[in-house]
>>> print(open('work26.txt').read())   # compact mmCIF, C-alpha atoms and all ligand atoms
# COMPACT_ATOMS: atom_id res chain seq x y z
CA MET G 1 42.99 182.17 7.96
CA ASP G 2 40.18 179.71 7.80
CA THR G 3 40.71 177.49 4.82
CA ALA G 4 37.52 175.48 4.75
CA VAL G 5 34.07 175.41 6.18
CA GLN G 6 32.28 172.70 8.05
CA GLU G 7 28.58 172.23 7.75
CA ALA G 8 27.14 170.39 10.67
CA GLU G 9 24.35 167.86 10.34
CA GLY G 10 21.58 168.45 12.79
CA ASP G 11 21.16 171.13 15.39
CA PHE G 12 23.53 171.55 18.27
CA THR G 13 22.37 170.96 21.80
CA PRO G 14 21.83 174.22 23.67
CA ARG G 15 24.35 175.82 25.96
CA ASP G 16 23.81 174.05 29.28
CA TRP G 17 23.34 176.86 31.77
CA ALA G 18 23.62 174.39 34.63
CA GLN G 19 27.28 174.11 33.56
CA HIS G 20 28.18 177.64 32.48
CA PRO G 21 28.56 180.68 34.73
CA PRO G 22 25.73 183.22 34.68
CA TYR G 23 26.69 186.57 33.16
CA LEU G 24 26.13 188.35 36.47
CA SER G 25 28.34 186.97 39.21
CA PRO G 26 28.76 189.88 41.65
CA LEU G 27 31.76 188.52 43.57
CA TYR G 28 33.64 188.89 40.27
CA LYS G 29 33.22 192.65 40.19
CA SER G 30 33.80 193.25 36.51
CA THR G 31 30.64 191.27 35.71
CA VAL G 32 28.45 193.90 37.36
CA LEU G 33 28.57 196.31 34.39
CA ARG G 34 29.44 193.73 31.75
CA SER G 35 26.53 191.31 32.10
CA PRO G 36 23.54 191.46 29.76
CA SER G 37 20.58 192.27 32.02
CA LYS G 38 17.80 191.18 29.68
CA PRO G 39 16.98 187.51 29.10
CA LEU G 40 18.63 185.87 26.11
CA ILE G 41 16.24 185.46 23.18
CA PRO G 42 15.97 181.90 21.86
CA MET G 43 17.07 181.59 18.24
CA LYS G 44 16.62 178.69 15.86
CA GLN G 45 19.96 177.52 14.51
CA GLY G 46 20.38 178.46 10.86
CA LEU G 47 23.23 177.81 8.47
CA SER G 48 24.83 181.06 9.54
CA VAL G 49 25.72 179.53 12.92
CA ARG G 50 25.66 175.76 12.25
CA THR G 51 28.67 176.34 10.03
CA GLY G 52 32.00 177.58 11.29
CA PRO G 53 35.60 178.21 10.38
CA VAL G 54 38.04 175.34 10.04
CA PHE G 55 41.72 175.91 10.65
CA GLY G 56 44.33 173.58 9.23
CA HIS G 57 48.03 173.03 9.63
CA ASP G 58 48.73 176.13 7.54
CA SER G 59 47.38 178.16 10.47
CA LEU G 60 50.11 176.79 12.71
CA ASP G 61 53.81 177.48 13.02
CA PRO G 62 56.04 174.49 13.78
CA LEU G 63 56.65 175.45 17.43
CA ASP G 64 53.15 176.66 18.24
CA HIS G 65 52.48 173.60 20.42
CA ASP G 66 55.68 174.00 22.46
CA LEU G 67 55.71 177.09 24.68
CA THR G 68 59.10 176.08 26.10
CA LYS G 69 60.54 176.69 22.62
CA ASN G 70 58.37 179.23 20.81
CA GLY G 71 59.57 182.22 22.84
CA ARG G 72 63.24 181.42 23.17
CA VAL G 73 65.68 184.28 22.69
CA ASN G 74 68.90 183.23 24.42
CA GLY G 75 68.06 180.21 26.53
CA GLU G 76 65.38 178.08 28.10
CA PRO G 77 62.41 179.53 29.94
CA ILE G 78 62.53 179.29 33.72
CA GLY G 79 60.03 177.12 35.57
CA GLU G 80 58.58 173.68 35.96
CA ARG G 81 58.32 172.04 32.53
CA MET G 82 55.03 170.32 31.91
CA ILE G 83 52.98 168.52 29.30
CA VAL G 84 49.27 169.30 29.00
CA THR G 85 47.24 166.84 27.00
CA GLY G 86 43.68 165.65 26.76
CA ARG G 87 40.79 165.00 24.45
CA VAL G 88 38.19 167.30 23.00
CA LEU G 89 34.86 165.46 23.00
CA ASP G 90 31.23 166.28 22.44
CA GLU G 91 28.51 165.53 24.96
CA SER G 92 27.93 162.03 23.64
CA GLY G 93 31.61 161.24 24.04
CA ARG G 94 32.52 161.45 20.36
CA PRO G 95 35.93 162.95 19.66
CA VAL G 96 36.11 166.37 18.03
CA PRO G 97 38.90 165.80 15.49
CA HIS G 98 41.12 168.33 13.73
CA THR G 99 39.89 171.32 15.69
CA LEU G 100 41.99 174.26 16.74
CA LEU G 101 42.93 175.11 20.33
CA GLU G 102 44.59 178.31 21.42
CA ILE G 103 46.17 178.72 24.84
CA TRP G 104 47.74 181.61 26.72
CA GLN G 105 49.14 181.87 30.21
CA ALA G 106 51.39 183.68 32.66
CA ASN G 107 55.02 182.65 33.09
CA ALA G 108 56.31 180.70 36.09
CA CYS G 109 56.32 183.91 38.17
CA GLY G 110 52.73 184.82 37.38
CA ARG G 111 53.57 187.55 34.86
CA TYR G 112 52.05 187.92 31.39
CA VAL G 113 53.86 189.30 28.37
CA HIS G 114 50.78 191.52 27.84
CA ARG G 115 51.63 195.22 27.76
CA TRP G 116 49.06 196.04 30.45
CA ASP G 117 50.31 193.52 32.99
CA GLN G 118 51.88 195.62 35.76
CA HIS G 119 52.46 192.80 38.27
CA ASP G 120 55.81 193.32 39.94
CA ALA G 121 57.20 189.93 38.96
CA PRO G 122 59.89 189.29 36.37
CA LEU G 123 59.22 188.74 32.72
CA ASP G 124 61.04 185.75 31.29
CA PRO G 125 62.91 186.75 28.13
CA ASN G 126 62.54 183.20 26.85
CA PHE G 127 58.85 182.70 27.48
CA PHE G 128 56.07 184.23 25.40
CA GLY G 129 53.15 182.27 26.82
CA ALA G 130 50.85 181.64 23.87
CA GLY G 131 50.38 178.61 21.64
CA ARG G 132 48.08 176.74 19.28
CA CYS G 133 47.53 173.19 18.20
CA LEU G 134 45.05 170.96 16.41
CA THR G 135 43.40 167.86 17.79
CA ASP G 136 44.20 164.63 15.98
CA ALA G 137 41.67 162.18 14.51
CA GLU G 138 40.81 160.97 18.03
CA GLY G 139 40.32 164.50 19.36
CA ARG G 140 43.60 164.46 21.28
CA TYR G 141 45.75 167.57 21.76
CA ARG G 142 49.11 168.11 23.43
CA PHE G 143 51.15 171.13 24.52
CA THR G 144 54.51 171.43 26.20
CA THR G 145 54.81 174.47 28.45
CA ILE G 146 55.92 175.85 31.82
CA LYS G 147 53.68 175.67 34.86
CA PRO G 148 52.13 179.15 35.22
CA GLY G 149 52.39 181.03 38.51
CA ALA G 150 49.54 182.54 40.51
CA TYR G 151 49.15 186.29 40.17
CA PRO G 152 47.44 189.09 42.13
CA TRP G 153 44.52 191.04 40.73
CA GLY G 154 42.45 193.97 41.89
CA ASN G 155 39.07 192.32 42.41
CA HIS G 156 39.17 192.48 46.22
CA HIS G 157 41.68 192.74 49.06
CA ASN G 158 44.50 190.18 48.68
CA ALA G 159 42.97 188.65 45.57
CA TRP G 160 45.13 186.09 43.75
CA ARG G 161 44.21 184.10 40.67
CA PRO G 162 44.93 180.40 41.05
CA ALA G 163 47.47 179.13 38.50
CA HIS G 164 45.62 178.62 35.22
CA ILE G 165 45.95 178.26 31.47
CA HIS G 166 43.44 180.02 29.21
CA PHE G 167 41.96 177.77 26.51
CA SER G 168 40.04 178.82 23.38
CA LEU G 169 38.34 176.20 21.18
CA PHE G 170 36.37 176.30 17.95
CA GLY G 171 34.79 172.87 17.44
CA PRO G 172 32.63 172.07 14.43
CA SER G 173 30.56 175.28 14.26
CA PHE G 174 30.33 178.90 15.35
CA LEU G 175 28.02 177.66 18.12
CA THR G 176 30.55 175.31 19.67
CA ARG G 177 33.02 178.11 20.38
CA LEU G 178 34.30 177.89 23.95
CA VAL G 179 36.74 179.92 26.00
CA THR G 180 37.68 178.48 29.36
CA GLN G 181 40.50 178.11 31.88
CA MET G 182 42.32 175.01 33.10
CA TYR G 183 43.35 174.84 36.76
CA PHE G 184 45.61 172.56 38.81
CA PRO G 185 44.57 169.92 41.35
CA GLY G 186 44.82 170.88 45.01
CA ASP G 187 45.39 174.59 44.42
CA PRO G 188 44.53 176.33 47.73
CA LEU G 189 43.50 179.48 45.83
CA LEU G 190 40.65 177.73 43.99
CA PRO G 191 38.01 178.00 46.74
CA LEU G 192 38.82 181.73 47.06
CA ASP G 193 38.60 182.59 43.35
CA PRO G 194 35.44 184.40 42.16
CA ILE G 195 36.10 183.47 38.52
CA TYR G 196 36.32 179.74 39.29
CA ASN G 197 33.42 180.06 41.74
CA GLY G 198 31.32 181.81 39.09
CA VAL G 199 30.79 178.33 37.64
CA PRO G 200 27.83 176.50 39.20
CA GLU G 201 28.70 174.18 42.04
CA GLY G 202 29.12 170.64 40.74
CA ALA G 203 30.46 171.84 37.40
CA ARG G 204 33.61 173.63 38.63
CA GLU G 205 35.62 170.47 39.09
CA LEU G 206 35.54 169.95 35.32
CA LEU G 207 38.00 172.84 35.05
CA VAL G 208 40.62 171.14 37.22
CA SER G 209 43.23 169.10 35.37
CA ARG G 210 44.52 165.74 36.63
CA PHE G 211 48.13 164.99 37.37
CA SER G 212 49.17 161.91 35.38
CA ILE G 213 52.28 159.85 35.98
CA ASP G 214 51.64 158.16 32.62
CA VAL G 215 51.83 161.48 30.78
CA THR G 216 54.83 162.53 32.88
CA GLU G 217 58.09 161.99 31.01
CA PRO G 218 61.08 160.68 32.99
CA VAL G 219 63.75 163.28 33.68
CA TRP G 220 61.89 165.80 31.53
CA ALA G 221 58.42 167.10 32.43
CA LEU G 222 55.35 166.55 34.62
CA GLY G 223 52.14 165.54 32.87
CA TYR G 224 48.62 166.91 33.31
CA GLU G 225 45.45 165.75 31.58
CA PHE G 226 42.55 168.05 30.78
CA ASP G 227 39.59 166.86 28.71
CA ILE G 228 37.19 169.38 27.21
CA VAL G 229 33.56 168.74 26.31
CA LEU G 230 31.88 170.88 23.66
CA ARG G 231 28.22 171.11 22.79
CA GLY G 232 26.91 167.99 21.07
CA ARG G 233 24.39 167.47 18.33
CA HIS G 234 20.81 166.32 18.23
CA ALA G 235 20.45 163.16 16.16
CA THR G 236 18.10 164.81 13.69
CA PRO G 237 17.56 168.46 12.82
CA MET G 238 14.99 170.17 15.01
CA GLU G 239 11.98 171.55 13.19
CA GLY G 240 9.78 174.41 14.25
CA MET Y 1 21.35 161.42 21.39
CA SER Y 2 22.41 160.06 24.74
CA GLN Y 3 24.28 162.75 26.61
CA THR Y 4 26.83 161.11 28.78
CA LEU Y 5 29.23 164.00 29.31
CA LYS Y 6 28.66 167.49 30.66
CA GLN Y 7 29.74 170.61 28.79
CA THR Y 8 32.98 172.13 30.02
CA PRO Y 9 32.10 175.42 31.73
CA SER Y 10 32.98 178.71 30.09
CA GLN Y 11 35.39 181.20 31.71
CA THR Y 12 36.28 184.79 30.95
CA VAL Y 13 39.03 185.62 28.47
CA GLY Y 14 40.44 187.87 31.20
CA PRO Y 15 42.35 191.05 30.43
CA TYR Y 16 45.43 189.50 28.83
CA PHE Y 17 44.24 187.66 25.72
CA ALA Y 18 45.65 190.15 23.21
CA TYR Y 19 49.12 188.68 22.84
CA ALA Y 20 47.50 185.35 21.95
CA TRP Y 21 44.49 186.49 19.95
CA THR Y 22 45.68 189.65 18.22
CA PRO Y 23 49.43 189.08 18.46
CA GLU Y 24 50.52 191.29 15.56
CA LEU Y 25 51.51 193.90 18.16
CA TYR Y 26 53.92 191.37 19.62
CA GLY Y 27 55.43 190.43 16.28
CA ARG Y 28 53.54 187.17 15.98
CA ARG Y 29 51.34 185.77 13.25
CA PRO Y 30 47.62 186.06 14.02
CA LEU Y 31 45.20 183.22 13.48
CA ALA Y 32 42.58 185.56 12.12
CA ALA Y 33 42.35 189.26 11.49
CA ASN Y 34 39.82 192.02 11.04
CA ARG Y 35 40.47 192.34 7.31
CA LEU Y 36 38.49 189.54 5.71
CA VAL Y 37 38.35 191.08 2.27
CA THR Y 38 40.89 190.72 -0.50
CA ARG Y 39 41.15 193.12 -3.42
CA ASP Y 40 39.47 190.91 -5.97
CA MET Y 41 36.79 189.46 -3.74
CA ALA Y 42 33.34 189.52 -5.29
CA GLY Y 43 30.68 191.64 -3.67
CA GLU Y 44 30.39 195.06 -2.11
CA HIS Y 45 33.43 195.89 0.01
CA ILE Y 46 32.36 197.38 3.31
CA ARG Y 47 33.66 198.36 6.71
CA ILE Y 48 31.78 197.40 9.85
CA GLU Y 49 32.70 199.42 12.89
CA GLY Y 50 31.46 200.33 16.31
CA VAL Y 51 32.18 200.73 19.98
CA VAL Y 52 31.46 198.21 22.73
CA TYR Y 53 29.95 199.82 25.85
CA ASP Y 54 29.41 198.61 29.39
CA GLY Y 55 26.37 199.21 31.60
CA GLN Y 56 27.43 202.77 32.40
CA GLY Y 57 28.11 203.67 28.80
CA ALA Y 58 31.88 203.43 29.22
CA PRO Y 59 33.79 201.90 26.30
CA ILE Y 60 35.25 198.46 26.92
CA ARG Y 61 38.87 198.26 25.85
CA ASP Y 62 39.49 194.61 26.73
CA CYS Y 63 36.89 193.07 24.49
CA VAL Y 64 37.10 190.87 21.41
CA VAL Y 65 34.47 190.76 18.71
CA GLU Y 66 34.40 187.72 16.44
CA ILE Y 67 32.31 187.45 13.30
CA TRP Y 68 31.31 184.63 10.97
CA GLN Y 69 29.64 185.34 7.68
CA ALA Y 70 28.78 184.13 4.20
CA GLY Y 71 30.22 185.62 1.06
CA ALA Y 72 28.35 187.93 -1.26
CA ASP Y 73 26.72 184.88 -2.86
CA GLY Y 74 25.29 183.75 0.48
CA ARG Y 75 27.59 180.75 0.68
CA HIS Y 76 30.12 179.81 3.33
CA ALA Y 77 32.93 178.69 1.09
CA PRO Y 78 36.68 178.31 1.37
CA GLY Y 79 38.37 181.50 0.26
CA ALA Y 80 35.31 183.63 0.92
CA ALA Y 81 35.21 186.17 3.71
CA GLY Y 82 34.37 184.01 6.68
CA PHE Y 83 35.82 184.38 10.14
CA GLY Y 84 37.11 187.62 11.60
CA ARG Y 85 38.44 188.67 14.96
CA CYS Y 86 39.09 192.19 16.28
CA GLY Y 87 40.12 193.37 19.73
CA THR Y 88 38.74 196.73 20.82
CA ASP Y 89 41.18 199.59 21.20
CA ASP Y 90 41.49 201.96 24.16
CA ALA Y 91 38.34 203.76 22.99
CA GLY Y 92 36.38 200.50 22.81
CA HIS Y 93 36.40 200.69 19.02
CA TYR Y 94 36.54 197.72 16.65
CA PHE Y 95 36.24 197.35 12.88
CA PHE Y 96 36.15 194.74 10.13
CA ASP Y 97 36.88 195.21 6.44
CA THR Y 98 34.80 192.64 4.64
CA VAL Y 99 32.18 192.07 1.96
CA LYS Y 100 28.49 192.47 2.47
CA PRO Y 101 27.17 188.92 2.76
CA GLY Y 102 24.27 187.52 0.78
CA ALA Y 103 21.38 185.78 2.51
CA CYS Y 104 22.43 182.26 3.48
CA ASP Y 105 19.29 180.86 5.08
CA PRO Y 106 16.06 180.78 3.09
CA GLY Y 107 13.73 183.54 4.25
CA HIS Y 108 16.40 185.22 6.37
CA ALA Y 109 17.81 188.64 5.66
CA PRO Y 110 21.55 188.92 5.03
CA HIS Y 111 23.32 189.00 8.36
CA ILE Y 112 26.56 188.27 10.19
CA ALA Y 113 26.88 186.13 13.32
CA VAL Y 114 28.70 188.02 16.08
CA THR Y 115 30.28 186.79 19.31
CA VAL Y 116 31.47 189.09 22.10
CA PHE Y 117 34.12 188.17 24.66
CA ALA Y 118 35.51 190.43 27.38
CA ARG Y 119 37.13 190.60 30.75
CA GLY Y 120 34.15 190.49 33.07
CA MET Y 121 32.15 188.18 30.81
CA LEU Y 122 32.29 184.66 32.23
CA SER Y 123 30.38 183.36 29.21
CA HIS Y 124 30.51 184.91 25.76
CA ALA Y 125 27.47 186.49 24.16
CA PHE Y 126 25.95 185.85 20.71
CA THR Y 127 24.25 188.43 18.59
CA ARG Y 128 23.72 189.09 14.91
CA LEU Y 129 24.25 192.05 12.67
CA HIS Y 130 21.68 193.06 10.05
CA PHE Y 131 21.99 195.81 7.44
CA SER Y 132 19.94 199.02 7.47
CA ASP Y 133 19.53 199.08 3.68
CA GLU Y 134 17.83 195.65 3.63
CA THR Y 135 14.50 197.00 4.82
CA ALA Y 136 12.23 194.52 3.06
CA ALA Y 137 14.37 191.48 3.89
CA ASN Y 138 14.67 192.62 7.50
CA GLU Y 139 10.90 192.96 7.77
CA ALA Y 140 10.51 189.36 6.63
CA ASP Y 141 13.33 187.99 8.79
CA PRO Y 142 12.09 185.46 11.37
CA VAL Y 143 14.85 186.17 13.89
CA LEU Y 144 14.24 189.93 13.85
CA ALA Y 145 10.52 189.16 14.14
CA SER Y 146 11.20 187.15 17.31
CA VAL Y 147 12.77 190.20 18.97
CA PRO Y 148 10.60 192.81 20.72
CA ALA Y 149 10.00 195.61 18.22
CA ASP Y 150 11.54 198.27 20.44
CA ARG Y 151 14.83 196.35 20.63
CA ARG Y 152 15.19 195.37 16.96
CA ASP Y 153 17.27 198.39 16.05
CA THR Y 154 20.08 197.13 18.31
CA LEU Y 155 20.66 194.45 15.65
CA ILE Y 156 20.73 196.76 12.64
CA ALA Y 157 23.98 198.29 11.46
CA THR Y 158 23.50 201.75 9.97
CA ARG Y 159 24.86 202.33 6.49
CA ALA Y 160 26.81 205.48 5.64
CA GLU Y 161 28.64 206.43 2.45
CA THR Y 162 31.96 207.97 3.41
CA PRO Y 163 34.92 209.19 1.34
CA GLY Y 164 36.70 205.98 2.33
CA GLY Y 165 33.83 203.73 1.28
CA VAL Y 166 30.72 202.19 2.71
CA VAL Y 167 30.67 201.97 6.49
CA TYR Y 168 28.09 200.19 8.62
CA ARG Y 169 27.95 201.36 12.23
CA PHE Y 170 27.23 198.63 14.77
CA ASP Y 171 27.68 199.63 18.41
CA ILE Y 172 27.33 196.89 21.01
CA ARG Y 173 25.85 197.74 24.41
CA ILE Y 174 26.44 194.88 26.80
CA GLN Y 175 24.00 196.20 29.40
CA GLY Y 176 21.58 199.00 30.17
CA ASP Y 177 19.94 201.59 27.92
CA GLY Y 178 19.77 200.29 24.38
CA GLU Y 179 21.15 196.93 25.47
CA THR Y 180 22.02 194.82 22.44
CA VAL Y 181 19.84 191.78 21.95
CA PHE Y 182 21.79 188.62 22.73
CA PHE Y 183 20.59 185.17 21.73
CA ASP Y 184 20.52 181.68 23.12
CA CYS Y 185 21.01 179.39 20.17
FE FE K 301 44.82 184.77 33.36
>>> encode(input="work26.txt", output="structure tokens", more="lines below")
Ligand SMILES: [Fe+3]
Amino acid sequence: MDTAVQEAEGDFTPRDWAQHPPYLSPLYKSTVLRSPSKPLIPMKQGLSVRTGPVFGHDSLDPLDHDLTKNGRVNGEPIGERMIVTGRVLDESGRPVPHTLLEIWQANACGRYVHRWDQHDAPLDPNFFGAGRCLTDAEGRYRFTTIKPGAYPWGNHHNAWRPAHIHFSLFGPSFLTRLVTQMYFPGDPLLPLDPIYNGVPEGARELLVSRFSIDVTEPVWALGYEFDIVLRGRHATPMEG
Amino acid sequence: MSQTLKQTPSQTVGPYFAYAWTPELYGRRPLAANRLVTRDMAGEHIRIEGVVYDGQGAPIRDCVVEIWQAGADGRHAPGAAGFGRCGTDDAGHYFFDTVKPGACDPGHAPHIAVTVFARGMLSHAFTRLHFSDETAANEADPVLASVPADRRDTLIATRAETPGGVVYRFDIRIQGDGETVFFDC
């Protein structure tokens, strides 16, 4: 449960639609009937949205940040162990400290625990695939997990999602909420993926993590870095 | 403010968020739930419920509605009803048990901020829920006034007294006839 409330000073910068995918992106077929067709109506930011929930350590279980441990039943999960770390920043480069991240992902074979996932690939009895953590005072987060596999989906003939991890972030207000996906460098499925390609050209690359030998731990796990930028703040409240 | 970094693009929640976002079904502790109210909480205890529909009027079963609201006193305070999250069921239905919020912004009617996520939505959508029994406050509300008159009712939850208590009905139509007003803010 949210245990406190943040009240932001000053208005947030708008959602940058040069960065975010439009609602209607016909190559991703599910958007056709699930995209608002009327223009968004501009709304001045009041207290009801400049505030937002704050989650603390009491929202976390001790293994929430380690997906190689939080689903264990009788052994270790199968797959390539990896560390995912990065910083959550705002548009001016300031860290977003003590904010909650949620992640979920497929297992190494590309299969989700979700009851609807019918992909004919094995479930891993020791991998659940969901976690949470908080950023530290410098906005840094860190998860240990298993590299997810690609998986087929029904969007078009021979459609496969590139390997990805789903990320959900809160930030300092209800307005800074962001749900996104992290991808892997060099994935040959990326140029073929309508969900990735729904993002405007020039912005997509921000969703691709970087391999890092510095984050990689000897004889243990490969390291990937993924920084996330949330909406920033105008210096002074906007009037009008 | 000098903007040196670009916002990270949004992506869809996809179809498989439930075991992370509403994991009670999987025997896990949820971060947030759709029951925001506790027995002793001040204010009128209400249920908000509705169905989320797509552009052909079909219910959306892989959708999550999140809400953020003030308490009955109009304040966002620790321990008050605040953040709620509910996944839609197979009939596209969601509900929240909460308190009716007080007005939190001067001149604004009482309302709840609402965010909608779904498979097929690459970016989430913002809307806000007003209350049908706040006629005078709604008429004076600057956000409702900024919405074309013939679309305002998409933002107003309809109050009903039922044997189980007070229920406000708030259907969300992502697209098409009666499309819910979504905001850029
Ligand atoms: Fe996925």
>>> residues_near_ligand(input="work26.txt", ligand="ligand FE 301 (chain K)", cutoff="9 Å", atoms="only C-alpha atoms and all ligand atoms", output="list in words")
Trp104, Gln105, Ala106, Gly110, Tyr112, Ala150, Tyr151, Arg161, Pro162, Ala163, His164, Ile165, His166 and Gln181 of chain G; Thr12, Val13, Gly14, Pro15, Tyr16 and Phe17 of chain Y
>>> interface_residues(input="work26.txt", of="chain G", to="chain Y", cutoff="7 Å", atoms="only C-alpha atoms", output="ChimeraX atom specification")
/G:1-5,14,16,19-21,23,30-31,33-37,40-49,53,59,91-93,104,114,130,178-181,199,203,206,228-231,234-235
>>> write_last_selection(input="work26.txt", atoms="C-alpha atoms", output="tab-separated table (two decimals), keeping the file's coordinate frame")
chain	number	residue	atom	x	y	z
G	1	MET	CA	42.99	182.17	7.96
G	2	ASP	CA	40.18	179.71	7.80
G	3	THR	CA	40.71	177.49	4.82
G	4	ALA	CA	37.52	175.48	4.75
G	5	VAL	CA	34.07	175.41	6.18
G	14	PRO	CA	21.83	174.22	23.67
G	16	ASP	CA	23.81	174.05	29.28
G	19	GLN	CA	27.28	174.11	33.56
G	20	HIS	CA	28.18	177.64	32.48
G	21	PRO	CA	28.56	180.68	34.73
G	23	TYR	CA	26.69	186.57	33.16
G	30	SER	CA	33.80	193.25	36.51
G	31	THR	CA	30.64	191.27	35.71
G	33	LEU	CA	28.57	196.31	34.39
G	34	ARG	CA	29.44	193.73	31.75
G	35	SER	CA	26.53	191.31	32.10
G	36	PRO	CA	23.54	191.46	29.76
G	37	SER	CA	20.58	192.27	32.02
G	40	LEU	CA	18.63	185.87	26.11
G	41	ILE	CA	16.24	185.46	23.18
G	42	PRO	CA	15.97	181.90	21.86
G	43	MET	CA	17.07	181.59	18.24
G	44	LYS	CA	16.62	178.69	15.86
G	45	GLN	CA	19.96	177.52	14.51
G	46	GLY	CA	20.38	178.46	10.86
G	47	LEU	CA	23.23	177.81	8.47
G	48	SER	CA	24.83	181.06	9.54
G	49	VAL	CA	25.72	179.53	12.92
G	53	PRO	CA	35.60	178.21	10.38
G	59	SER	CA	47.38	178.16	10.47
G	91	GLU	CA	28.51	165.53	24.96
G	92	SER	CA	27.93	162.03	23.64
G	93	GLY	CA	31.61	161.24	24.04
G	104	TRP	CA	47.74	181.61	26.72
G	114	HIS	CA	50.78	191.52	27.84
G	130	ALA	CA	50.85	181.64	23.87
G	178	LEU	CA	34.30	177.89	23.95
G	179	VAL	CA	36.74	179.92	26.00
G	180	THR	CA	37.68	178.48	29.36
G	181	GLN	CA	40.50	178.11	31.88
G	199	VAL	CA	30.79	178.33	37.64
G	203	ALA	CA	30.46	171.84	37.40
G	206	LEU	CA	35.54	169.95	35.32
G	228	ILE	CA	37.19	169.38	27.21
G	229	VAL	CA	33.56	168.74	26.31
G	230	LEU	CA	31.88	170.88	23.66
G	231	ARG	CA	28.22	171.11	22.79
G	234	HIS	CA	20.81	166.32	18.23
G	235	ALA	CA	20.45	163.16	16.16
>>> atom_distance(input="work26.txt", atom1="atom CA of G:Phe167", atom2="atom CA of G:Gly131")
9.8 Å
>>> atom_distance(input="work26.txt", atom1="atom CA of Y:Gly178", atom2="atom CA of Y:Gly165")
27.3 Å
>>> atom_distance(input="work26.txt", atom1="atom CA of G:Val84", atom2="atom CA of G:Phe143")
5.2 Å
>>> closest_residue(input="work26.txt", among="G:Val113, G:Val96, G:Ala121, G:Ala221", to="G:Arg140", atoms="only C-alpha atoms")
G:Val96
>>> closest_residue(input="work26.txt", among="G:Met182, G:Ile83, G:Ile103, G:Leu175", to="G:Arg204", atoms="all atoms listed in the file")
G:Met182
>>> residues_around(input="work26.txt", residues="stretch 39-50 of chain Y", least_positions_apart="4", cutoff="10 Å", atoms="only C-alpha atoms", output="ChimeraX atom specification")
/Y:34-35,71-73,79-81,88,92-102,129,157-161,164-172
>>> closest_residue(input="work26.txt", among="Y:Gly87, Y:Ile156, Y:Val65, Y:Pro59", to="Y:Glu24", atoms="all atoms listed in the file")
Y:Gly87
>>> residues_around(input="work26.txt", residues="G:Asp193", least_positions_apart="5", cutoff="10 Å", atoms="only C-alpha atoms", output="PyMOL selection string")
chain G and resi 27-28+155+159-162+188+198
>>> axis_aligned_box(input="work26.txt", around="stretch 92-106 of chain G", padding_each_side="5 Å", output="JSON")
{"center_x": 39.7, "center_y": 172.5, "center_z": 23.2, "size_x": 33.5, "size_y": 32.4, "size_z": 28.9}
